[in-house]
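Have a look at the structure below before the remarks.
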Amino acid sequence: MRCVIARFPFDLTKSGVLESMKGVKPEPVTGESVIIGRRHYPVKQVGQVITRQDRRDFSAGEVLRAMSRLGFTCRTLPEATPEPVDSPYLRASALLGAPASV
């Protein structure tokens, strides 16, 4: 499959990516990741290995698109859930505390 990563065209195949990543120890995953074989690799590490470019030259989205088109399972960052917003009345009530018993 032909894809463009960091403005350079690459002809990637699933077997070629598997061969390139063979023997590469995965770094700790802190963001988006790609599952290659049974291992979870950070997207930027995969991009660096298959393109032989510096990680600053390409975006994670470019590599995610290429890997998903090749059939690899890609994981993105989970969306942050917003914290429940208390009303001003509930906050004031919590600050005042429970009524004192007489």
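In the structure tokens, chains take the letters A, B, ... in the order shown, each chain's residues start at 1, and ligands count up from 1 in the order shown.
Residue neighbourhood of Val4 in chain A, excluding near-sequence residues (fewer than 2 positions): Met1, Arg2, Ala6, Arg7, Phe8, Pro9, Phe10, Asp11, Leu12, Gly47, Thr51, Phe58, Ser59, Gly61, Glu62, Val63, Leu64, Arg65, Ala66 and Met67 of chain A, at 12 Å, using only C-alpha atoms.
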Tell me which protein, DNA and RNA residues are within 12 Å of Val24 in chain A, counting only C-alpha atoms, leaving out same-chain ones fewer than 5 positions away, and put them as a ChimeraX atom specification.
/A:17-19,36-37,39-42,45-46,48-50
Write out, as a PDB file, in the first residue's frame, the residues just selected, with N, CA and C atoms.
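Output file selection.pdb is given in full below:
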ATOM      1  N   VAL A  17       5.916  -4.518   7.646  1.00  0.00           N
ATOM      2  CA  VAL A  17       5.894  -3.871   8.958  1.00  0.00           C
ATOM      3  C   VAL A  17       6.193  -4.898  10.049  1.00  0.00           C
ATOM      4  N   LEU A  18       5.598  -6.090   9.927  1.00  0.00           N
ATOM      5  CA  LEU A  18       5.866  -7.150  10.910  1.00  0.00           C
ATOM      6  C   LEU A  18       7.353  -7.500  10.933  1.00  0.00           C
ATOM      7  N   GLU A  19       7.970  -7.573   9.764  1.00  0.00           N
ATOM      8  CA  GLU A  19       9.387  -7.903   9.680  1.00  0.00           C
ATOM      9  C   GLU A  19      10.241  -6.777  10.273  1.00  0.00           C
ATOM     10  N   ILE A  36       1.034  -4.738  17.206  1.00  0.00           N
ATOM     11  CA  ILE A  36       1.725  -5.485  16.160  1.00  0.00           C
ATOM     12  C   ILE A  36       2.128  -6.809  16.777  1.00  0.00           C
ATOM     13  N   GLY A  37       1.583  -7.867  16.239  1.00  0.00           N
ATOM     14  CA  GLY A  37       1.760  -9.181  16.861  1.00  0.00           C
ATOM     15  C   GLY A  37       0.969  -9.188  18.156  1.00  0.00           C
ATOM     16  N   ARG A  39       2.235  -7.339  20.786  1.00  0.00           N
ATOM     17  CA  ARG A  39       2.832  -6.233  21.533  1.00  0.00           C
ATOM     18  C   ARG A  39       2.178  -4.906  21.185  1.00  0.00           C
ATOM     19  N   HIS A  40       2.125  -4.027  22.179  1.00  0.00           N
ATOM     20  CA  HIS A  40       1.606  -2.670  22.008  1.00  0.00           C
ATOM     21  C   HIS A  40       2.796  -1.732  21.853  1.00  0.00           C
ATOM     22  N   TYR A  41       2.873  -1.082  20.710  1.00  0.00           N
ATOM     23  CA  TYR A  41       3.954  -0.143  20.433  1.00  0.00           C
ATOM     24  C   TYR A  41       3.400   1.280  20.383  1.00  0.00           C
ATOM     25  N   PRO A  42       4.141   2.267  20.900  1.00  0.00           N
ATOM     26  CA  PRO A  42       3.735   3.661  20.682  1.00  0.00           C
ATOM     27  C   PRO A  42       3.788   3.988  19.191  1.00  0.00           C
ATOM     28  N   GLN A  45       7.071   5.344  17.823  1.00  0.00           N
ATOM     29  CA  GLN A  45       8.139   4.356  17.713  1.00  0.00           C
ATOM     30  C   GLN A  45       7.980   3.553  16.428  1.00  0.00           C
ATOM     31  N   VAL A  46       6.759   3.153  16.119  1.00  0.00           N
ATOM     32  CA  VAL A  46       6.501   2.399  14.889  1.00  0.00           C
ATOM     33  C   VAL A  46       6.869   3.250  13.677  1.00  0.00           C
ATOM     34  N   GLN A  48       8.973   5.691  13.473  1.00  0.00           N
ATOM     35  CA  GLN A  48      10.422   5.867  13.385  1.00  0.00           C
ATOM     36  C   GLN A  48      11.082   4.626  12.791  1.00  0.00           C
ATOM     37  N   VAL A  49      10.624   3.444  13.183  1.00  0.00           N
ATOM     38  CA  VAL A  49      11.248   2.212  12.702  1.00  0.00           C
ATOM     39  C   VAL A  49      10.933   1.988  11.230  1.00  0.00           C
ATOM     40  N   ILE A  50       9.683   2.168  10.819  1.00  0.00           N
ATOM     41  CA  ILE A  50       9.325   1.837   9.436  1.00  0.00           C
ATOM     42  C   ILE A  50       9.750   2.906   8.436  1.00  0.00           C
TER      43      ILE A  50
END
Check chain A with DSSP on the backbone and list each residue it calls helix (DSSP H, G or I), as a PyMOL selection string.
chain A and resi 14-21+43-51+55-57+60-70+88-96
From a backbone DSSP assignment, name each residue in chain A labelled strand (DSSP E), as a PyMOL selection string.
chain A and resi 2-5+8-11+33-36+39-42+73-75
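Across A:Arg38, A:Lys44, A:Lys25, A:Thr30, the tightest approach to Ile5 in chain A is made by A:Lys44 when counting only C-alpha atoms.
The gap separating CA of Ser20 in chain A from CA of Thr76 in chain A is 22.2 Å, in Å to one decimal.
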